[in-house]
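Visitor: Enclosed is the structure file data.csv (CSV, C-alpha atoms).
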```csv
chain,number,residue,atom,x,y,z
T,1,MET,CA,0.0,0.0,0.0
T,2,PRO,CA,1.5,3.4,-0.9
T,3,VAL,CA,2.3,5.8,1.9
T,4,SER,CA,0.5,9.1,1.6
T,5,ARG,CA,2.6,12.3,2.1
T,6,VAL,CA,0.6,14.1,4.7
T,7,PHE,CA,2.2,16.6,7.2
T,8,ASP,CA,0.4,18.1,10.1
T,9,PRO,CA,0.3,21.9,10.2
T,10,MET,CA,2.8,22.2,13.2
T,11,HIS,CA,5.3,20.1,11.4
T,12,ARG,CA,5.0,22.2,8.2
T,13,PHE,CA,5.5,25.4,10.3
T,14,ALA,CA,8.6,24.0,12.0
T,15,LEU,CA,10.2,23.2,8.7
T,16,LEU,CA,9.5,26.7,7.3
T,17,LEU,CA,11.0,28.3,10.4
T,18,ALA,CA,14.1,26.2,10.1
T,19,ALA,CA,14.6,27.1,6.5
T,20,LEU,CA,14.3,30.9,7.3
T,21,VAL,CA,16.9,30.6,10.0
T,22,ILE,CA,19.4,28.7,7.7
T,23,THR,CA,18.9,31.3,4.9
T,24,SER,CA,19.4,34.3,7.2
T,25,CYS,CA,22.6,32.7,8.7
T,26,SER,CA,24.0,32.1,5.3
T,27,ARG,CA,23.4,35.7,4.3
T,28,ALA,CA,25.1,37.0,7.5
T,29,LEU,CA,28.2,34.8,6.9
T,30,ALA,CA,28.4,35.8,3.2
T,31,SER,CA,28.9,39.5,4.2
T,32,PRO,CA,32.5,40.2,5.2
T,33,PRO,CA,33.1,42.5,8.2
T,34,SER,CA,34.1,46.0,7.4
T,35,PRO,CA,37.8,46.6,7.9
T,36,SER,CA,38.8,48.9,10.8
T,37,ARG,CA,40.8,52.1,10.0
T,38,ALA,CA,44.0,50.4,11.3
T,39,GLU,CA,43.5,47.6,8.7
T,40,SER,CA,43.0,50.0,5.7
T,41,GLY,CA,45.7,51.3,3.5
T,42,PHE,CA,47.0,54.9,3.3
T,43,ALA,CA,49.1,57.0,0.8
T,44,VAL,CA,51.5,59.8,1.8
T,45,VAL,CA,52.2,61.6,-1.5
T,46,GLU,CA,55.1,63.9,-1.4
T,47,LEU,CA,55.7,66.2,-4.4
T,48,PHE,CA,59.1,68.1,-4.7
T,49,THR,CA,58.4,71.1,-6.8
T,50,SER,CA,59.4,74.7,-7.5
T,51,GLU,CA,57.9,77.9,-9.0
T,52,GLY,CA,61.2,78.3,-10.9
T,53,CYS,CA,60.6,75.1,-12.9
T,54,SER,CA,58.5,75.2,-16.0
T,55,SER,CA,57.8,71.5,-15.8
T,56,CYS,CA,56.3,71.7,-12.3
T,57,PRO,CA,52.8,73.3,-12.8
T,58,PRO,CA,51.4,70.0,-14.4
T,59,ALA,CA,52.7,68.1,-11.4
T,60,ASP,CA,51.1,70.7,-9.0
T,61,ALA,CA,47.8,70.0,-10.8
T,62,VAL,CA,48.1,66.3,-10.3
T,63,LEU,CA,48.6,66.8,-6.5
T,64,ARG,CA,45.8,69.3,-6.4
T,65,ASP,CA,43.4,66.7,-7.7
T,66,LEU,CA,44.1,64.2,-4.9
T,67,SER,CA,41.6,63.9,-2.1
T,68,GLY,CA,40.4,61.2,0.3
T,69,ALA,CA,40.4,60.3,4.0
T,70,ASP,CA,43.5,58.1,3.7
T,71,LEU,CA,45.3,60.3,1.2
T,72,TYR,CA,47.9,62.7,2.5
T,73,PRO,CA,49.2,65.0,-0.4
T,74,LEU,CA,52.2,67.2,0.5
T,75,SER,CA,53.9,69.8,-1.6
T,76,PHE,CA,57.6,70.5,-0.7
T,77,HIS,CA,59.1,73.5,-2.5
T,78,VAL,CA,62.8,73.1,-2.9
T,79,ASP,CA,65.3,76.0,-3.0
T,80,TYR,CA,67.8,75.0,-5.6
T,81,TRP,CA,65.9,76.7,-8.4
T,82,ASN,CA,66.0,80.1,-6.6
T,83,GLU,CA,69.3,81.1,-8.1
T,84,LEU,CA,68.0,81.0,-11.7
T,85,GLY,CA,65.9,84.2,-11.6
T,86,TRP,CA,62.9,83.7,-9.4
T,87,VAL,CA,62.9,83.0,-5.6
T,88,ASP,CA,60.0,80.7,-4.8
T,89,PRO,CA,58.3,82.2,-1.7
T,90,PHE,CA,57.4,78.8,-0.4
T,91,SER,CA,60.8,77.2,-0.8
T,92,ALA,CA,62.9,76.0,2.1
T,93,VAL,CA,66.3,74.4,2.5
T,94,TRP,CA,64.8,71.6,4.6
T,95,ALA,CA,62.6,70.7,1.6
T,96,THR,CA,65.8,70.2,-0.5
T,97,GLU,CA,67.5,68.3,2.3
T,98,ARG,CA,64.5,66.0,2.5
T,99,GLN,CA,64.6,65.3,-1.2
T,100,ARG,CA,68.3,64.5,-1.0
T,101,ALA,CA,67.6,62.1,1.8
T,102,TYR,CA,65.2,60.3,-0.5
T,103,ALA,CA,67.8,60.3,-3.3
T,104,ARG,CA,70.3,58.5,-1.0
T,105,ALA,CA,67.8,56.0,0.3
T,106,LEU,CA,66.4,55.1,-3.1
T,107,GLY,CA,69.8,55.0,-4.9
T,108,GLU,CA,69.1,58.0,-7.2
T,109,ARG,CA,72.0,59.9,-8.8
T,110,GLY,CA,70.6,63.3,-7.9
T,111,VAL,CA,67.5,65.4,-7.3
T,112,TYR,CA,65.1,66.8,-9.9
T,113,THR,CA,61.7,68.5,-10.1
T,114,PRO,CA,59.0,67.6,-10.3
T,115,GLU,CA,59.4,64.4,-8.3
T,116,MET,CA,56.6,62.6,-6.6
T,117,ILE,CA,57.2,59.9,-4.0
T,118,VAL,CA,54.4,57.6,-2.5
T,119,ASN,CA,54.8,56.2,1.0
T,120,GLY,CA,58.5,56.9,0.8
T,121,ARG,CA,59.3,54.1,-1.6
T,122,ASP,CA,57.9,54.7,-5.2
T,123,ALA,CA,59.6,57.8,-6.8
T,124,PHE,CA,58.6,59.0,-10.3
T,125,VAL,CA,58.1,62.1,-12.4
T,126,GLY,CA,55.4,64.1,-10.6
T,127,SER,CA,53.4,65.0,-13.7
T,128,ASP,CA,52.9,61.3,-14.6
T,129,ARG,CA,49.2,61.1,-13.6
T,130,ALA,CA,48.8,57.4,-14.6
T,131,HIS,CA,51.8,56.3,-12.5
T,132,ALA,CA,50.5,58.4,-9.6
T,133,ALA,CA,47.1,56.7,-9.8
T,134,ARG,CA,48.7,53.2,-9.9
T,135,SER,CA,51.1,53.9,-7.1
T,136,ILE,CA,48.3,55.4,-4.9
T,137,ASP,CA,45.9,52.5,-5.6
T,138,LYS,CA,48.7,50.0,-4.6
T,139,ALA,CA,49.4,51.9,-1.4
T,140,LEU,CA,45.7,52.1,-0.4
T,141,ALA,CA,45.3,48.3,-1.0
T,142,LYS,CA,48.1,47.5,1.5
T,143,SER,CA,46.9,47.2,5.0
T,144,THR,CA,48.6,48.6,8.1
T,145,SER,CA,48.3,47.6,11.7
T,146,LEU,CA,49.6,50.8,13.2
T,147,GLU,CA,47.5,53.9,13.9
T,148,VAL,CA,48.6,57.5,14.6
T,149,PHE,CA,46.5,59.8,16.7
T,150,LEU,CA,47.2,63.6,16.6
T,151,ARG,CA,46.0,66.6,18.5
T,152,ALA,CA,47.3,70.1,17.4
T,153,GLN,CA,46.8,73.5,19.1
T,154,PRO,CA,48.0,76.8,17.6
T,155,SER,CA,49.4,79.4,20.1
T,156,LYS,CA,51.6,82.5,19.8
T,157,GLY,CA,53.4,81.6,16.6
T,158,GLN,CA,53.7,77.9,17.4
T,159,ILE,CA,51.7,74.7,16.9
T,160,ALA,CA,51.7,72.3,19.9
T,161,VAL,CA,51.3,68.7,18.8
T,162,ASP,CA,50.4,65.7,21.0
T,163,PHE,CA,50.7,62.3,19.4
T,164,GLU,CA,50.0,58.7,20.3
T,165,PHE,CA,50.2,55.3,18.6
T,166,SER,CA,48.0,52.2,18.8
T,167,ALA,CA,51.2,50.1,19.3
T,168,PRO,CA,54.9,50.7,19.8
T,169,PRO,CA,56.3,52.2,16.6
T,170,PRO,CA,59.1,50.3,14.7
T,171,ALA,CA,62.6,50.5,16.2
T,172,GLY,CA,64.5,53.6,15.1
T,173,ALA,CA,61.4,55.2,13.5
T,174,VAL,CA,60.7,59.0,13.6
T,175,LEU,CA,57.5,60.9,13.4
T,176,ALA,CA,57.5,63.4,10.5
T,177,LEU,CA,55.3,66.4,11.2
T,178,ALA,CA,54.3,68.7,8.4
T,179,LEU,CA,52.4,72.0,8.8
T,180,VAL,CA,50.3,72.2,5.7
T,181,GLU,CA,48.5,75.1,3.9
T,182,ASP,CA,45.5,74.0,1.8
T,183,SER,CA,46.1,76.4,-1.0
T,184,ALA,CA,48.5,79.2,-2.1
T,185,SER,CA,49.3,81.1,-5.3
T,186,SER,CA,52.0,83.4,-6.7
T,187,VAL,CA,52.3,85.8,-9.7
T,188,VAL,CA,55.7,84.9,-11.1
T,189,THR,CA,57.6,87.9,-12.5
T,190,ALA,CA,60.9,86.2,-13.5
T,191,GLY,CA,62.4,82.8,-14.4
T,192,GLU,CA,61.0,80.0,-16.5
T,193,ASN,CA,57.4,80.7,-15.4
T,194,VAL,CA,57.5,84.5,-15.9
T,195,GLY,CA,54.0,86.0,-16.4
T,196,ARG,CA,52.2,83.1,-15.0
T,197,THR,CA,49.9,82.9,-11.9
T,198,LEU,CA,50.7,79.6,-10.2
T,199,GLU,CA,48.3,77.7,-8.0
T,200,HIS,CA,49.5,75.3,-5.3
T,201,SER,CA,47.8,73.0,-2.9
T,202,HIS,CA,48.9,71.1,0.3
T,203,VAL,CA,52.0,73.3,0.7
T,204,VAL,CA,54.3,72.3,3.6
T,205,ARG,CA,55.1,75.5,5.4
T,206,ALA,CA,57.0,74.0,8.4
T,207,PHE,CA,58.5,70.5,8.9
T,208,ARG,CA,60.4,68.5,11.5
T,209,THR,CA,61.1,64.9,12.5
T,210,VAL,CA,60.8,63.6,16.0
T,211,PRO,CA,62.8,60.6,17.2
T,212,LEU,CA,60.4,58.2,18.8
T,213,GLY,CA,62.6,55.7,20.7
T,214,GLY,CA,59.8,53.2,20.7
T,215,LYS,CA,57.6,55.5,22.8
T,216,GLU,CA,53.8,55.1,22.2
T,217,ARG,CA,53.1,58.8,22.9
T,218,GLY,CA,54.8,62.2,23.0
T,219,HIS,CA,54.7,65.9,22.4
T,220,SER,CA,56.4,68.3,19.9
T,221,VAL,CA,56.2,71.9,18.8
T,222,LEU,CA,56.3,73.4,15.2
T,223,SER,CA,57.1,77.1,14.6
T,224,SER,CA,54.6,78.7,12.3
T,225,PRO,CA,56.0,80.9,9.5
T,226,ALA,CA,55.0,84.6,9.0
T,227,GLY,CA,51.8,85.0,7.0
T,228,TRP,CA,50.9,81.3,7.2
T,229,ARG,CA,47.4,80.1,6.6
T,230,ALA,CA,48.0,76.5,7.7
T,231,SER,CA,45.0,74.2,7.7
T,232,GLU,CA,46.3,70.9,9.1
T,233,ILE,CA,49.1,69.0,10.6
T,234,VAL,CA,50.0,65.7,8.9
T,235,GLY,CA,52.1,63.2,10.9
T,236,TYR,CA,53.6,60.0,9.6
T,237,VAL,CA,55.8,57.3,11.0
T,238,GLN,CA,58.9,56.8,8.9
T,239,ASP,CA,62.2,54.8,8.9
T,240,PRO,CA,64.9,57.5,8.4
T,241,ARG,CA,67.2,55.0,6.7
T,242,SER,CA,64.9,53.3,4.1
T,243,MET,CA,62.4,56.2,4.2
T,244,HIS,CA,59.6,53.6,4.3
T,245,ILE,CA,56.4,55.1,5.8
T,246,HIS,CA,54.5,52.9,8.2
T,247,ALA,CA,51.4,54.9,9.1
T,248,ALA,CA,49.9,58.4,8.8
T,249,SER,CA,47.2,60.7,10.2
T,250,ARG,CA,46.2,64.4,10.2
T,251,ALA,CA,44.8,66.9,12.6
T,252,ARG,CA,42.8,69.9,11.3
T,253,LEU,CA,43.6,73.3,12.8
```
Show me, as structure tokens, the structure contained in the file I just sent.

Guide:
Amino acid sequence: MPVSRVFDPMHRFALLLAALVITSCSRALASPPSPSRAESGFAVVELFTSEGCSSCPPADAVLRDLSGADLYPLSFHVDYWNELGWVDPFSAVWATERQRAYARALGERGVYTPEMIVNGRDAFVGSDRAHAARSIDKALAKSTSLEVFLRAQPSKGQIAVDFEFSAPPPAGAVLALALVEDSASSVVTAGENVGRTLEHSHVVRAFRTVPLGGKERGHSVLSSPAGWRASEIVGYVQDPRSMHIHAASRARL
């Protein structure tokens, strides 16, 4: 005799409930957790430029187009073009010294403008927009386990900066601190860019490195230049020998 397929109502309800639970659990497991800020990548983009260099304005434009929470564009104006007819008002000897430190660490024969360097490791011609995009994408895709926390307070021509890390910084690392002005411009009256009005972004107006000695917190002070309109402090942990950058953050002023 054939067996009839008859289910009582309570049995049918129990099976339906079990199916719904299994489906909802599968959907929950299929959605990966969002990465924390410490696990996401970052890109410190340093441009070495000069108002005395006719090849630099296109690179300045590349830097000006960069934005994002984990992007840190910085414009360092070097001083070795100043003797050729136009003194760049944003230039500084420490910007040139920093570029030379990169040249030594990366095995370059000398310095040039415009040069762009991402996370202290990838150096290329600063006006190469495609290379910049590839390098930044690669940096953002690489996770980091170290976080930097900054607090900055302007007072009487100085910026007091308190910093803290989520873990001990690498041995021998320093904290690079850059006082950054969002935008600036010049009307150039001599040199290769004579007659042009040059627009700049993320201009570094003061800079210093702080030895960390493995400490997880500390304090430093930056002197603010005359006529500054600085907008933020950018701080990044860097190996002063390889110039590799391990983590970065910013504090708005």

Visitor: Could you tell me which of T:Ala103, T:Ala69, T:Leu253, T:Leu179 comes closest to Phe42 of chain T if we count all atoms listed in the file?

Guide: T:Ala69

Visitor: List as a list in words: which residues have an atom within 8 Å of (65.6, 56.7, -0.4), counting only C-alpha atoms?

Guide: Ala101, Tyr102, Ala103, Arg104, Ala105, Leu106, Gly107, Glu108, Gly120, Arg121, Arg241, Ser242 and Met243 of chain T

Visitor: Tell me, as a ChimeraX atom specification, which residues lie within 12 Å of Ala61 of chain T, counting only C-alpha atoms; anything in the same chain fewer than 4 positions away does not count.

Guide: /T:47,49,55-57,65-66,73,75,114,126-129,132,183,198-202

Visitor: How far is it from atom CA of Glu164 of chain T to atom CA of Pro240 of chain T, in Å with one decimal?

Guide: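 Taking atom CA of Glu164 of chain T and atom CA of Pro240 of chain T, their separation equals 19.1 Å.
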
Visitor: Between T:Val221, T:Leu175, T:Val118, T:Val234, which has the minimum distance to Lys138 of chain T (counting all atoms listed in the file)?

Guide: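 Of T:Val221, T:Leu175, T:Val118, T:Val234, the one nearest Lys138 of chain T is T:Val118, counting all atoms listed in the file.
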
Visitor: Expressed in Å to a single decimal, how great is the separation between atom CA of Val210 of chain T and atom CA of Ile233 of chain T?

Guide: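 The value is 14.0 Å.
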
Visitor: Give the answer as one residue: which of T:Glu51, T:Asp79, T:Glu232, T:Asp239 has the shortest atom-to-atom distance to Ala251 of chain T, using only C-alpha atoms?

Guide: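 Nearest to Ala251 of chain T: T:Glu232.
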
Visitor: Rank nothing, just name the residue among T:Ala247, T:Leu84, T:Leu222, T:Ala190 nearest to Leu177 of chain T, using only C-alpha atoms.

Guide: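 Going through T:Ala247, T:Leu84, T:Leu222, T:Ala190 one by one, the smallest distance to Leu177 of chain T is for T:Leu222.
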
Visitor: What is the distance between atom CA of Ala230 of chain T and atom CA of Arg252 of chain T, in Å to one decimal?

Guide: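 We find that atom CA of Ala230 of chain T and atom CA of Arg252 of chain T lie 9.1 Å from each other.
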
Visitor: Find the residues near Asp70 of chain T: any atom within 10 Å, counting all atoms listed in the file, skip ones fewer than 2 places away on the same chain, and give them as a PDB file with C-alpha atoms, keeping the file's coordinate frame.

Guide:
```pdb
ATOM      1  CA  ARG T  37      40.800  52.100  10.000  1.00  0.00           C
ATOM      2  CA  SER T  40      43.000  50.000   5.700  1.00  0.00           C
ATOM      3  CA  GLY T  41      45.700  51.300   3.500  1.00  0.00           C
ATOM      4  CA  PHE T  42      47.000  54.900   3.300  1.00  0.00           C
ATOM      5  CA  ALA T  43      49.100  57.000   0.800  1.00  0.00           C
ATOM      6  CA  VAL T  44      51.500  59.800   1.800  1.00  0.00           C
ATOM      7  CA  SER T  67      41.600  63.900  -2.100  1.00  0.00           C
ATOM      8  CA  GLY T  68      40.400  61.200   0.300  1.00  0.00           C
ATOM      9  CA  TYR T  72      47.900  62.700   2.500  1.00  0.00           C
ATOM     10  CA  PRO T  73      49.200  65.000  -0.400  1.00  0.00           C
ATOM     11  CA  ALA T 139      49.400  51.900  -1.400  1.00  0.00           C
ATOM     12  CA  LEU T 140      45.700  52.100  -0.400  1.00  0.00           C
ATOM     13  CA  ALA T 248      49.900  58.400   8.800  1.00  0.00           C
ATOM     14  CA  SER T 249      47.200  60.700  10.200  1.00  0.00           C
ATOM     15  CA  ARG T 250      46.200  64.400  10.200  1.00  0.00           C
TER      16      ARG T 250
END
```

Visitor: Using all atoms listed in the file, find the one residue out of T:Ala160, T:Val45, T:Ala167, T:Leu74 that sits nearest to Glu181 of chain T.

Guide: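 Of T:Ala160, T:Val45, T:Ala167, T:Leu74, the one nearest Glu181 of chain T is T:Leu74, counting all atoms listed in the file.
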
Visitor: I'd like the contact shell of Glu192 of chain T - 12 Å cut-off, all atoms listed in the file, skipping same-chain residues fewer than 2 positions apart - returned as a short mmCIF file (atom, residue, chain, number, x, y, z; two decimals) with C-alpha atoms, in the frame of the given file.

Guide:
```
data_model
loop_
_atom_site.label_atom_id
_atom_site.label_comp_id
_atom_site.auth_asym_id
_atom_site.auth_seq_id
_atom_site.Cartn_x
_atom_site.Cartn_y
_atom_site.Cartn_z
CA SER T 50 59.40 74.70 -7.50
CA GLU T 51 57.90 77.90 -9.00
CA GLY T 52 61.20 78.30 -10.90
CA CYS T 53 60.60 75.10 -12.90
CA SER T 54 58.50 75.20 -16.00
CA SER T 55 57.80 71.50 -15.80
CA CYS T 56 56.30 71.70 -12.30
CA PRO T 57 52.80 73.30 -12.80
CA TRP T 81 65.90 76.70 -8.40
CA ASN T 82 66.00 80.10 -6.60
CA GLU T 83 69.30 81.10 -8.10
CA LEU T 84 68.00 81.00 -11.70
CA GLY T 85 65.90 84.20 -11.60
CA TRP T 86 62.90 83.70 -9.40
CA VAL T 87 62.90 83.00 -5.60
CA ASP T 88 60.00 80.70 -4.80
CA VAL T 188 55.70 84.90 -11.10
CA THR T 189 57.60 87.90 -12.50
CA ALA T 190 60.90 86.20 -13.50
CA VAL T 194 57.50 84.50 -15.90
CA GLY T 195 54.00 86.00 -16.40
CA ARG T 196 52.20 83.10 -15.00
#
```

Visitor: Name the residues, using the chain letters and numbers of the file, that sit within 9 Å of (59.5, 51.8, 15.9) when counting all atoms listed in the file, and give them as a PyMOL selection string.

Guide: chain T and resi 168-174+212-215+237-239
